[in-house]
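Structure data (PDB, C-alpha atoms and all ligand atoms) from work.pdb:
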ATOM      1  CA  MET C   1      -8.767 -29.511 -34.707
ATOM      2  CA  PRO C   2      -5.057 -30.245 -34.272
ATOM      3  CA  TYR C   3      -3.741 -28.422 -37.371
ATOM      4  CA  ARG C   4      -4.507 -26.166 -40.260
ATOM      5  CA  PRO C   5      -3.131 -26.733 -43.708
ATOM      6  CA  ALA C   6      -0.642 -24.717 -45.684
ATOM      7  CA  PRO C   7      -1.844 -22.715 -48.702
ATOM      8  CA  ARG C   8      -3.709 -24.713 -51.268
ATOM      9  CA  PRO C   9      -3.422 -24.803 -55.043
ATOM     10  CA  SER C  10      -6.056 -23.351 -57.281
ATOM     11  CA  TRP C  11      -8.871 -25.722 -58.125
ATOM     12  CA  ALA C  12      -8.951 -24.331 -61.620
ATOM     13  CA  ASP C  13      -6.356 -26.872 -62.727
ATOM     14  CA  VAL C  14      -8.365 -29.819 -61.467
ATOM     15  CA  THR C  15     -12.049 -29.066 -62.141
ATOM     16  CA  PRO C  16     -13.709 -26.169 -63.893
ATOM     17  CA  ARG C  17     -14.575 -23.848 -61.038
ATOM     18  CA  ALA C  18     -18.256 -23.492 -61.928
ATOM     19  CA  ALA C  19     -18.792 -27.254 -61.962
ATOM     20  CA  TRP C  20     -16.874 -27.589 -58.742
ATOM     21  CA  LEU C  21     -18.915 -24.925 -56.982
ATOM     22  CA  SER C  22     -22.243 -26.272 -58.162
ATOM     23  CA  ARG C  23     -21.535 -29.751 -56.869
ATOM     24  CA  ARG C  24     -20.063 -28.450 -53.655
ATOM     25  CA  THR C  25     -23.240 -26.507 -52.963
ATOM     26  CA  LEU C  26     -25.204 -29.682 -53.608
ATOM     27  CA  LEU C  27     -23.043 -31.704 -51.242
ATOM     28  CA  ALA C  28     -23.098 -29.089 -48.547
ATOM     29  CA  GLY C  29     -26.857 -28.817 -48.909
ATOM     30  CA  ALA C  30     -27.167 -32.571 -48.680
ATOM     31  CA  ALA C  31     -25.171 -32.523 -45.488
ATOM     32  CA  GLY C  32     -27.768 -30.191 -44.039
ATOM     33  CA  VAL C  33     -25.593 -27.125 -43.861
ATOM     34  CA  ALA C  34     -26.550 -23.807 -45.412
ATOM     35  CA  LEU C  35     -23.550 -22.177 -47.010
ATOM     36  CA  ALA C  36     -23.330 -18.807 -48.636
ATOM     37  CA  GLY C  37     -20.751 -16.782 -50.501
ATOM     38  CA  PRO C  38     -17.103 -17.655 -49.979
ATOM     39  CA  ALA C  39     -18.021 -20.107 -47.201
ATOM     40  CA  ALA C  40     -19.275 -22.439 -49.942
ATOM     41  CA  ALA C  41     -15.661 -23.177 -50.796
ATOM     42  CA  LYS C  42     -15.340 -25.580 -47.836
ATOM     43  CA  LEU C  43     -16.895 -28.930 -47.051
ATOM     44  CA  ALA C  44     -18.529 -28.584 -43.658
ATOM     45  CA  ALA C  45     -17.213 -31.402 -41.507
ATOM     46  CA  GLN C  46     -16.925 -32.349 -37.865
ATOM     47  CA  PRO C  47     -13.614 -33.530 -36.438
ATOM     48  CA  SER C  48     -13.682 -37.255 -35.732
ATOM     49  CA  ARG C  49     -12.710 -39.092 -32.587
ATOM     50  CA  TYR C  50     -11.121 -41.723 -34.818
ATOM     51  CA  SER C  51      -8.374 -39.387 -36.031
ATOM     52  CA  THR C  52      -4.689 -39.943 -35.422
ATOM     53  CA  ASP C  53      -2.795 -36.994 -33.965
ATOM     54  CA  ALA C  54       0.106 -37.543 -36.366
ATOM     55  CA  GLU C  55       1.168 -34.543 -38.436
ATOM     56  CA  PRO C  56      -0.538 -34.641 -41.854
ATOM     57  CA  ASN C  57       1.289 -34.521 -45.149
ATOM     58  CA  THR C  58       0.996 -31.386 -47.240
ATOM     59  CA  TRP C  59      -1.649 -30.857 -49.905
ATOM     60  CA  ASP C  60       1.070 -31.044 -52.510
ATOM     61  CA  GLU C  61       2.383 -34.403 -51.299
ATOM     62  CA  ILE C  62      -1.104 -35.892 -51.009
ATOM     63  CA  THR C  63      -2.236 -34.774 -54.472
ATOM     64  CA  GLY C  64       1.040 -35.074 -56.360
ATOM     65  CA  TYR C  65       2.280 -38.569 -55.519
ATOM     66  CA  ASN C  66      -0.515 -41.037 -56.255
ATOM     67  CA  ASN C  67      -1.410 -44.501 -57.421
ATOM     68  CA  PHE C  68      -4.370 -44.430 -59.799
ATOM     69  CA  TYR C  69      -3.611 -46.818 -62.642
ATOM     70  CA  GLU C  70      -6.622 -45.675 -64.647
ATOM     71  CA  PHE C  71      -4.464 -42.619 -65.428
ATOM     72  CA  GLY C  72      -1.101 -44.376 -65.801
ATOM     73  CA  THR C  73       1.427 -46.205 -63.680
ATOM     74  CA  ASP C  74       3.730 -43.318 -62.791
ATOM     75  CA  LYS C  75       3.150 -41.621 -59.431
ATOM     76  CA  SER C  76       2.913 -38.264 -61.226
ATOM     77  CA  ASP C  77       0.391 -39.455 -63.872
ATOM     78  CA  PRO C  78      -2.763 -39.035 -61.750
ATOM     79  CA  ARG C  79      -2.137 -35.338 -61.037
ATOM     80  CA  ARG C  80      -1.291 -34.785 -64.685
ATOM     81  CA  TYR C  81      -4.170 -36.630 -66.301
ATOM     82  CA  ALA C  82      -7.015 -37.118 -63.817
ATOM     83  CA  GLY C  83      -8.446 -33.670 -64.587
ATOM     84  CA  ALA C  84      -9.964 -35.263 -67.725
ATOM     85  CA  LEU C  85     -12.438 -37.266 -65.642
ATOM     86  CA  THR C  86     -15.985 -35.878 -65.445
ATOM     87  CA  THR C  87     -17.278 -36.490 -61.931
ATOM     88  CA  ASP C  88     -20.593 -34.654 -62.108
ATOM     89  CA  PRO C  89     -23.128 -36.208 -62.576
ATOM     90  CA  TRP C  90     -22.098 -39.331 -60.665
ATOM     91  CA  ALA C  91     -24.168 -42.328 -59.668
ATOM     92  CA  VAL C  92     -23.309 -45.405 -57.618
ATOM     93  CA  LYS C  93     -25.145 -48.641 -58.299
ATOM     94  CA  ILE C  94     -25.901 -50.577 -55.125
ATOM     95  CA  ASP C  95     -26.969 -54.149 -55.758
ATOM     96  CA  GLY C  96     -26.842 -57.755 -54.582
ATOM     97  CA  MET C  97     -28.108 -58.738 -51.145
ATOM     98  CA  VAL C  98     -29.695 -55.410 -50.153
ATOM     99  CA  ASP C  99     -33.291 -54.384 -49.418
ATOM    100  CA  ARG C 100     -33.160 -51.208 -51.503
ATOM    101  CA  PRO C 101     -30.962 -51.785 -54.541
ATOM    102  CA  GLY C 102     -30.716 -49.028 -57.114
ATOM    103  CA  SER C 103     -28.680 -46.365 -58.814
ATOM    104  CA  TYR C 104     -28.040 -43.602 -56.294
ATOM    105  CA  ASP C 105     -26.900 -40.104 -57.216
ATOM    106  CA  LEU C 106     -23.960 -38.836 -55.243
ATOM    107  CA  ALA C 107     -26.219 -36.303 -53.511
ATOM    108  CA  ASP C 108     -28.534 -39.136 -52.383
ATOM    109  CA  LEU C 109     -25.617 -41.041 -50.888
ATOM    110  CA  THR C 110     -24.613 -38.118 -48.707
ATOM    111  CA  LYS C 111     -28.106 -36.876 -47.881
ATOM    112  CA  GLY C 112     -28.548 -36.376 -44.136
ATOM    113  CA  VAL C 113     -25.036 -37.582 -43.466
ATOM    114  CA  THR C 114     -22.702 -35.654 -41.172
ATOM    115  CA  LEU C 115     -19.354 -35.401 -42.873
ATOM    116  CA  GLU C 116     -16.417 -35.987 -40.574
ATOM    117  CA  GLU C 117     -12.808 -34.983 -40.925
ATOM    118  CA  ARG C 118     -10.585 -37.935 -40.143
ATOM    119  CA  ILE C 119      -6.837 -37.811 -40.146
ATOM    120  CA  TYR C 120      -5.660 -41.261 -41.087
ATOM    121  CA  ARG C 121      -2.342 -42.926 -41.665
ATOM    122  CA  PHE C 122      -2.383 -44.234 -45.203
ATOM    123  CA  ARG C 123       0.165 -46.802 -46.208
ATOM    124  CA  CYS C 124       0.767 -48.132 -49.685
ATOM    125  CA  VAL C 125       2.094 -51.606 -50.298
ATOM    126  CA  GLU C 126       5.339 -50.252 -51.732
ATOM    127  CA  ALA C 127       6.275 -49.360 -48.128
ATOM    128  CA  TRP C 128       5.535 -45.644 -48.210
ATOM    129  CA  GLY C 129       3.087 -43.818 -46.070
ATOM    130  CA  MET C 130       1.291 -40.519 -45.646
ATOM    131  CA  VAL C 131      -1.075 -39.006 -43.120
ATOM    132  CA  ILE C 132      -4.157 -37.598 -44.835
ATOM    133  CA  PRO C 133      -7.010 -35.500 -43.424
ATOM    134  CA  TRP C 134      -9.941 -37.097 -45.241
ATOM    135  CA  ILE C 135     -13.501 -35.806 -45.235
ATOM    136  CA  GLY C 136     -16.044 -38.599 -45.309
ATOM    137  CA  PHE C 137     -18.664 -40.673 -43.551
ATOM    138  CA  GLU C 138     -18.920 -44.224 -42.335
ATOM    139  CA  LEU C 139     -19.614 -46.853 -44.964
ATOM    140  CA  ALA C 140     -21.807 -48.510 -42.315
ATOM    141  CA  THR C 141     -24.194 -45.527 -42.465
ATOM    142  CA  LEU C 142     -24.814 -46.150 -46.143
ATOM    143  CA  LEU C 143     -25.051 -49.934 -45.800
ATOM    144  CA  ASN C 144     -27.581 -49.559 -42.992
ATOM    145  CA  ARG C 145     -29.625 -47.205 -45.119
ATOM    146  CA  VAL C 146     -29.840 -49.552 -48.105
ATOM    147  CA  GLY C 147     -30.480 -52.514 -45.781
ATOM    148  CA  VAL C 148     -28.059 -55.424 -45.797
ATOM    149  CA  ARG C 149     -29.925 -58.719 -46.219
ATOM    150  CA  PRO C 150     -29.268 -61.643 -43.874
ATOM    151  CA  GLY C 151     -26.738 -63.969 -45.415
ATOM    152  CA  ALA C 152     -24.617 -61.201 -46.973
ATOM    153  CA  LYS C 153     -20.974 -61.724 -45.972
ATOM    154  CA  TYR C 154     -18.916 -59.441 -48.230
ATOM    155  CA  VAL C 155     -19.009 -56.066 -49.916
ATOM    156  CA  ALA C 156     -17.583 -55.711 -53.426
ATOM    157  CA  PHE C 157     -16.616 -52.378 -55.010
ATOM    158  CA  GLU C 158     -15.922 -51.308 -58.578
ATOM    159  CA  THR C 159     -14.365 -48.214 -60.146
ATOM    160  CA  LEU C 160     -15.630 -46.482 -63.258
ATOM    161  CA  VAL C 161     -14.609 -47.715 -66.718
ATOM    162  CA  ARG C 162     -14.329 -44.774 -69.110
ATOM    163  CA  PRO C 163     -11.250 -45.118 -71.312
ATOM    164  CA  GLU C 164     -12.042 -41.866 -73.182
ATOM    165  CA  GLU C 165     -11.340 -39.980 -69.977
ATOM    166  CA  MET C 166      -9.091 -42.450 -68.172
ATOM    167  CA  ARG C 167      -6.148 -42.824 -70.487
ATOM    168  CA  GLY C 168      -4.598 -45.702 -68.544
ATOM    169  CA  GLN C 169      -7.668 -47.801 -69.376
ATOM    170  CA  GLN C 170      -6.772 -47.647 -73.053
ATOM    171  CA  ARG C 171      -4.174 -50.283 -72.242
ATOM    172  CA  PRO C 172      -4.651 -53.590 -70.384
ATOM    173  CA  ILE C 173      -2.478 -52.518 -67.425
ATOM    174  CA  LEU C 174      -5.038 -54.131 -65.113
ATOM    175  CA  ASP C 175      -8.154 -56.177 -65.795
ATOM    176  CA  TRP C 176     -10.597 -53.222 -65.706
ATOM    177  CA  PRO C 177     -12.663 -52.289 -63.801
ATOM    178  CA  TYR C 178     -10.508 -51.940 -60.694
ATOM    179  CA  ARG C 179     -12.209 -54.141 -58.084
ATOM    180  CA  GLU C 180     -11.937 -54.430 -54.343
ATOM    181  CA  GLY C 181     -13.748 -56.150 -51.512
ATOM    182  CA  LEU C 182     -14.143 -56.317 -47.754
ATOM    183  CA  ARG C 183     -15.655 -58.811 -45.362
ATOM    184  CA  LEU C 184     -18.951 -57.403 -44.074
ATOM    185  CA  ASP C 185     -17.648 -56.859 -40.524
ATOM    186  CA  GLU C 186     -14.658 -54.931 -41.915
ATOM    187  CA  ALA C 187     -17.015 -52.841 -44.049
ATOM    188  CA  MET C 188     -19.225 -52.070 -41.033
ATOM    189  CA  HIS C 189     -16.287 -51.073 -38.816
ATOM    190  CA  PRO C 190     -16.391 -47.363 -37.879
ATOM    191  CA  LEU C 191     -12.849 -46.817 -39.187
ATOM    192  CA  THR C 192     -13.996 -47.712 -42.719
ATOM    193  CA  ILE C 193     -15.197 -44.603 -44.519
ATOM    194  CA  LEU C 194     -16.371 -43.359 -47.873
ATOM    195  CA  ALA C 195     -14.372 -40.191 -48.443
ATOM    196  CA  THR C 196     -15.611 -37.280 -50.539
ATOM    197  CA  GLY C 197     -12.858 -34.809 -49.833
ATOM    198  CA  LEU C 198      -9.625 -33.987 -48.047
ATOM    199  CA  TYR C 199      -8.213 -30.963 -46.229
ATOM    200  CA  GLY C 200     -11.718 -29.512 -46.138
ATOM    201  CA  GLU C 201     -11.885 -29.456 -49.945
ATOM    202  CA  GLU C 202     -13.845 -31.586 -52.359
ATOM    203  CA  MET C 203     -11.914 -34.712 -53.389
ATOM    204  CA  PRO C 204      -9.252 -34.000 -56.018
ATOM    205  CA  ASN C 205      -9.726 -36.259 -59.052
ATOM    206  CA  GLN C 206      -6.320 -37.883 -58.577
ATOM    207  CA  ASN C 207      -7.329 -39.004 -55.069
ATOM    208  CA  GLY C 208     -10.507 -40.742 -56.266
ATOM    209  CA  ALA C 209     -13.216 -38.150 -56.897
ATOM    210  CA  PRO C 210     -16.013 -37.939 -56.231
ATOM    211  CA  ILE C 211     -16.198 -40.817 -53.749
ATOM    212  CA  ARG C 212     -13.642 -43.405 -52.659
ATOM    213  CA  LEU C 213     -13.092 -45.916 -49.918
ATOM    214  CA  VAL C 214     -10.585 -45.438 -47.079
ATOM    215  CA  VAL C 215      -9.673 -48.457 -44.925
ATOM    216  CA  PRO C 216      -6.811 -47.185 -42.775
ATOM    217  CA  TRP C 217      -5.569 -50.486 -41.322
ATOM    218  CA  LYS C 218      -5.048 -52.068 -44.751
ATOM    219  CA  TYR C 219      -2.571 -51.427 -47.543
ATOM    220  CA  GLY C 220      -3.617 -48.554 -49.763
ATOM    221  CA  PHE C 221      -4.736 -50.651 -52.725
ATOM    222  CA  LYS C 222      -7.823 -51.772 -50.780
ATOM    223  CA  SER C 223      -8.967 -48.140 -50.713
ATOM    224  CA  ILE C 224     -10.613 -48.115 -54.142
ATOM    225  CA  LYS C 225     -11.143 -44.790 -55.888
ATOM    226  CA  SER C 226     -13.976 -43.289 -57.949
ATOM    227  CA  ILE C 227     -16.522 -45.935 -56.990
ATOM    228  CA  VAL C 228     -19.536 -46.638 -59.238
ATOM    229  CA  ARG C 229     -20.749 -49.935 -57.821
ATOM    230  CA  ILE C 230     -21.167 -51.470 -54.368
ATOM    231  CA  SER C 231     -22.492 -55.059 -54.215
ATOM    232  CA  LEU C 232     -23.407 -57.190 -51.214
ATOM    233  CA  THR C 233     -22.560 -60.852 -51.744
ATOM    234  CA  ASP C 234     -22.315 -64.124 -49.872
ATOM    235  CA  THR C 235     -19.082 -65.161 -51.576
ATOM    236  CA  GLN C 236     -15.649 -63.545 -51.349
ATOM    237  CA  PRO C 237     -15.372 -61.112 -54.258
ATOM    238  CA  GLN C 238     -12.543 -61.030 -56.766
ATOM    239  CA  THR C 239     -10.105 -58.199 -56.197
ATOM    240  CA  THR C 240      -7.822 -56.597 -58.784
ATOM    241  CA  TRP C 241      -4.396 -57.191 -57.252
ATOM    242  CA  ASN C 242      -5.232 -60.635 -55.943
ATOM    243  CA  MET C 243      -6.384 -61.680 -59.437
ATOM    244  CA  MET C 244      -3.159 -60.312 -60.894
ATOM    245  CA  GLN C 245      -0.600 -61.613 -58.340
ATOM    246  CA  PRO C 246      -2.253 -63.909 -55.788
ATOM    247  CA  ARG C 247       1.038 -64.710 -54.088
ATOM    248  CA  GLU C 248       1.838 -61.040 -53.506
ATOM    249  CA  TYR C 249      -1.588 -59.621 -52.706
ATOM    250  CA  GLY C 250      -4.101 -61.416 -50.524
ATOM    251  CA  PHE C 251      -7.756 -60.623 -49.945
ATOM    252  CA  TYR C 252      -7.161 -59.192 -46.463
ATOM    253  CA  SER C 253      -4.049 -57.066 -47.046
ATOM    254  CA  ASN C 254      -3.894 -55.875 -43.471
ATOM    255  CA  VAL C 255      -0.807 -53.796 -42.756
ATOM    256  CA  ASN C 256       1.490 -56.245 -41.009
ATOM    257  CA  PRO C 257       5.225 -55.712 -40.408
ATOM    258  CA  GLU C 258       5.665 -59.441 -39.792
ATOM    259  CA  VAL C 259       4.454 -60.533 -43.214
ATOM    260  CA  ASP C 260       6.779 -59.310 -45.960
ATOM    261  CA  HIS C 261       5.739 -58.704 -49.511
ATOM    262  CA  PRO C 262       7.589 -61.388 -51.541
ATOM    263  CA  ARG C 263       9.729 -58.692 -53.186
ATOM    264  CA  TRP C 264      10.361 -56.299 -50.295
ATOM    265  CA  SER C 265      10.273 -55.987 -46.528
ATOM    266  CA  GLN C 266       7.287 -54.471 -44.769
ATOM    267  CA  ALA C 267       9.160 -53.941 -41.492
ATOM    268  CA  THR C 268       9.702 -50.235 -42.127
ATOM    269  CA  GLU C 269       8.051 -47.567 -44.208
ATOM    270  CA  ARG C 270       9.196 -44.374 -45.831
ATOM    271  CA  ARG C 271       7.181 -41.413 -44.685
ATOM    272  CA  ILE C 272       6.623 -39.220 -47.754
ATOM    273  CA  GLY C 273       7.900 -35.723 -47.108
ATOM    274  CA  ALA C 274      10.230 -36.798 -44.320
ATOM    275  CA  GLY C 275      13.344 -35.872 -46.317
ATOM    276  CA  VAL C 276      15.437 -37.580 -48.934
ATOM    277  CA  PHE C 277      17.914 -39.204 -46.610
ATOM    278  CA  GLY C 278      15.908 -40.514 -43.766
ATOM    279  CA  GLY C 279      12.343 -40.815 -42.776
ATOM    280  CA  ARG C 280      12.085 -44.585 -42.447
ATOM    281  CA  GLU C 281       9.848 -45.558 -39.570
ATOM    282  CA  PRO C 282       8.863 -48.969 -38.216
ATOM    283  CA  THR C 283       5.612 -50.229 -39.697
ATOM    284  CA  LEU C 284       2.918 -50.635 -37.062
ATOM    285  CA  MET C 285       0.639 -53.660 -36.867
ATOM    286  CA  PHE C 286      -2.659 -52.799 -38.559
ATOM    287  CA  ASN C 287      -1.041 -49.463 -39.450
ATOM    288  CA  GLY C 288      -1.370 -48.328 -35.827
ATOM    289  CA  TYR C 289      -5.050 -49.283 -35.472
ATOM    290  CA  ALA C 290      -4.543 -52.634 -33.714
ATOM    291  CA  ASP C 291      -6.534 -51.590 -30.640
ATOM    292  CA  GLN C 292      -9.584 -50.992 -32.780
ATOM    293  CA  VAL C 293      -9.393 -53.778 -35.357
ATOM    294  CA  ALA C 294      -7.304 -56.726 -34.110
ATOM    295  CA  GLY C 295     -10.481 -58.311 -32.737
ATOM    296  CA  LEU C 296     -11.847 -58.727 -36.270
ATOM    297  CA  TYR C 297      -9.152 -61.313 -36.922
ATOM    298  CA  ALA C 298      -9.107 -63.196 -33.616
ATOM    299  CA  GLY C 299      -8.112 -66.800 -34.192
ATOM    300  CA  MET C 300      -7.049 -66.224 -37.813
ATOM    301  CA  ASP C 301      -3.541 -67.027 -39.019
ATOM    302  CA  LEU C 302      -2.569 -63.681 -40.558
ATOM    303  CA  ALA C 303       0.470 -65.147 -42.306
ATOM    304  CA  LYS C 304      -1.907 -67.391 -44.271
ATOM    305  CA  ASN C 305      -4.714 -64.837 -44.532
ATOM    306  CA  TYR C 306      -2.459 -62.038 -45.823
TER     307      TYR C 306
HETATM  308  N1  LIG C 401      -8.275 -47.227 -56.972
HETATM  309  C1  LIG C 401      -8.348 -47.336 -58.314
HETATM  310  N2  LIG C 401      -9.540 -47.315 -58.913
HETATM  311  N3  LIG C 401      -7.245 -47.487 -59.078
HETATM  312  C2  LIG C 401      -5.989 -47.543 -58.528
HETATM  313  O1  LIG C 401      -4.987 -47.695 -59.254
HETATM  314  N4  LIG C 401      -4.659 -47.496 -56.455
HETATM  315  C3  LIG C 401      -4.701 -47.903 -55.052
HETATM  316  C4  LIG C 401      -5.763 -47.155 -54.257
HETATM  317  N5  LIG C 401      -7.009 -47.097 -54.989
HETATM  318  C5  LIG C 401      -5.881 -47.435 -57.110
HETATM  319  C6  LIG C 401      -7.076 -47.245 -56.357
HETATM  320  C7  LIG C 401      -3.407 -47.789 -54.411
HETATM  321  S1  LIG C 401      -2.214 -48.924 -54.880
HETATM  322  C8  LIG C 401      -3.150 -46.849 -53.447
HETATM  323  S2  LIG C 401      -1.674 -46.847 -52.585
HETATM  324  C9  LIG C 401      -4.139 -45.800 -53.131
HETATM  325  O2  LIG C 401      -5.289 -45.839 -53.982
HETATM  326  C10 LIG C 401      -3.494 -44.424 -53.295
HETATM  327  O3  LIG C 401      -4.369 -43.419 -52.855
HETATM  328  P1  LIG C 401      -3.907 -41.893 -52.890
HETATM  329  O4  LIG C 401      -3.391 -41.642 -54.281
HETATM  330  O5  LIG C 401      -5.123 -41.080 -52.586
HETATM  331  O6  LIG C 401      -2.838 -41.741 -51.871
END
Could you express the structure from this file as structure tokens?
Amino acid sequence: MPYRPAPRPSWADVTPRAAWLSRRTLLAGAAGVALAGPAAAKLAAQPSRYSTDAEPNTWDEITGYNNFYEFGTDKSDPRRYAGALTTDPWAVKIDGMVDRPGSYDLADLTKGVTLEERIYRFRCVEAWGMVIPWIGFELATLLNRVGVRPGAKYVAFETLVRPEEMRGQQRPILDWPYREGLRLDEAMHPLTILATGLYGEEMPNQNGAPIRLVVPWKYGFKSIKSIVRISLTDTQPQTTWNMMQPREYGFYSNVNPEVDHPRWSQATERRIGAGVFGGREPTLMFNGYADQVAGLYAGMDLAKNY
């Protein structure tokens, strides 16, 4: 493990501690690890060979500067308001072209799964980036378990709609629910994970508790939070930002320094936490994961398929 984090905040301001502990025990149990006493405060996870060795951002940066429009459009809104979301119990509906469709409890989704700690570069479309030590497991593991039917070509995802707890949903900021999608081969790629925590802790609400997608070679908006539905389809699903601004946000949204956003350059990015005056770094093709994922797009014109 290349690093250990700085002191963490109290969980009391995010989730009532009792609820947090009870679900953690459940998750840890589901992962096949017996935990007792204070050890129960950590998600047991293996380090992943897919991790970057870049220095991670701090807990405070990762949980205090977020995009989660269900709680408002300001970067500080999610930390302020996401505590209102109840994440236990939580079920994910899996439907469409699968052998075993159904409503799966969170514990079922992680049953028998080895959680891995993966330190990924995470880059938002507004040209800022962080490095985050996620805890999660491969989406492919889940898709293989539910059985993808022949003919399925895409995976569609949806976030919860619960305006009573998600104050941003009381206004039509976006066409709720937040929706995202991947091509099946992207979804099956080992870099694509469902994350349930970060820094060894259960996922903070503002980062997409209790389960969210992480696709490290794409702009951050593809990494949909607080997922309640996963559907296998044979047609390209509608996605929130593409529906809203098709010229600015394509279906693929691969990090690409050569294709600018119509309103700003993508050639460099600001590394959050790198200081007020500097910290701009060149953006890497596929966010630095070109060796692993460029092959998925062989022969495609990435300026057209942005
Ligand atoms: N998922 C939902 N449901 N709603 C959102 O507003 N924002 C996206 C993505 N997932 C968003 C979402 C965007 S634009 C980014 S950059 C990342 O979440 C931010 O993830 P982070 O706050 O964990 O860094």
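In this model, the gap between CA of Gln245 (chain C) and CA of Phe221 (chain C) comes to 13.0 Å.
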message: Which residues, named as in the file, does the PyMOL selection byres (((not hetatm)) within 6 of (chain C and resi 401)) pick out? Answer as a VMD selection string.
response: chain C and resid 66 to 70 124 159 178 207 220 to 221 223 to 225
message: Would you pick out the contacts of Ile94 (chain C) at 10 Å or less, using only C-alpha atoms, so that residues sharing its chain but fewer than 3 positions from it are not included, and give the list as a VMD selection string?
response: chain C and resid 91 97 to 98 100 to 104 143 146 156 to 157 228 to 232
- prompt: In Å, with one decimal, what is the gap from CA of Ala82 (chain C) to CA of Met243 (chain C)?
  reply: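 Atom-to-atom, CA of Ala82 (chain C) and CA of Met243 (chain C) are spaced 25.0 Å apart.
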query: Residues picked by the PyMOL selection byres (((chain C and resi 129-132) around 6) and not hetatm) here, as JSON, numbers by chain?
result: {"C": [56, 57, 119, 120, 121, 122, 123, 128, 133, 134, 271, 272]}
query: What is the distance between CA of Tyr81 (chain C) and CA of Trp59 (chain C), in Å to one decimal?
result: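 Computing the Euclidean distance for CA of Tyr81 (chain C) and CA of Trp59 (chain C) yields 17.6 Å.
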message: Once the PyMOL selection byres (((chain C and resi 189) around 12) and not hetatm) is applied to the coordinates I shared, what remains selected? I want it as a list in words.
response: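 With the shown file as input, the PyMOL selection byres (((chain C and resi 189) around 12) and not hetatm) matches Tyr50, Phe137, Glu138, Leu139, Ala140, Thr141, Leu143, Leu182, Arg183, Leu184, Asp185, Glu186, Ala187, Met188, Pro190, Leu191, Thr192, Ile193, Leu194, Val214, Val215, Pro216, Trp217, Tyr289, Gln292, Val293, Ala294, Gly295 and Leu296 of chain C.
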- prompt: Which one is closest to Pro172 (chain C): C:Gly72, C:Gly299, C:Pro150, C:Gly250? Count all atoms listed in the file.
  reply: C:Gly72
query: Can you tell me, as a PyMOL selection string, which residues sit within 12 Å of (-6.8, -38.9, -61.1) in the file's frame, using only C-alpha atoms?
result: chain C and resi 14-15+62-87+160+165-168+203-210+212+225-226
query: Using only C-alpha atoms, which of C:Leu115, C:Ile173, C:Val125, C:Ala195 sits nearest Tyr219 (chain C)?
result: C:Val125
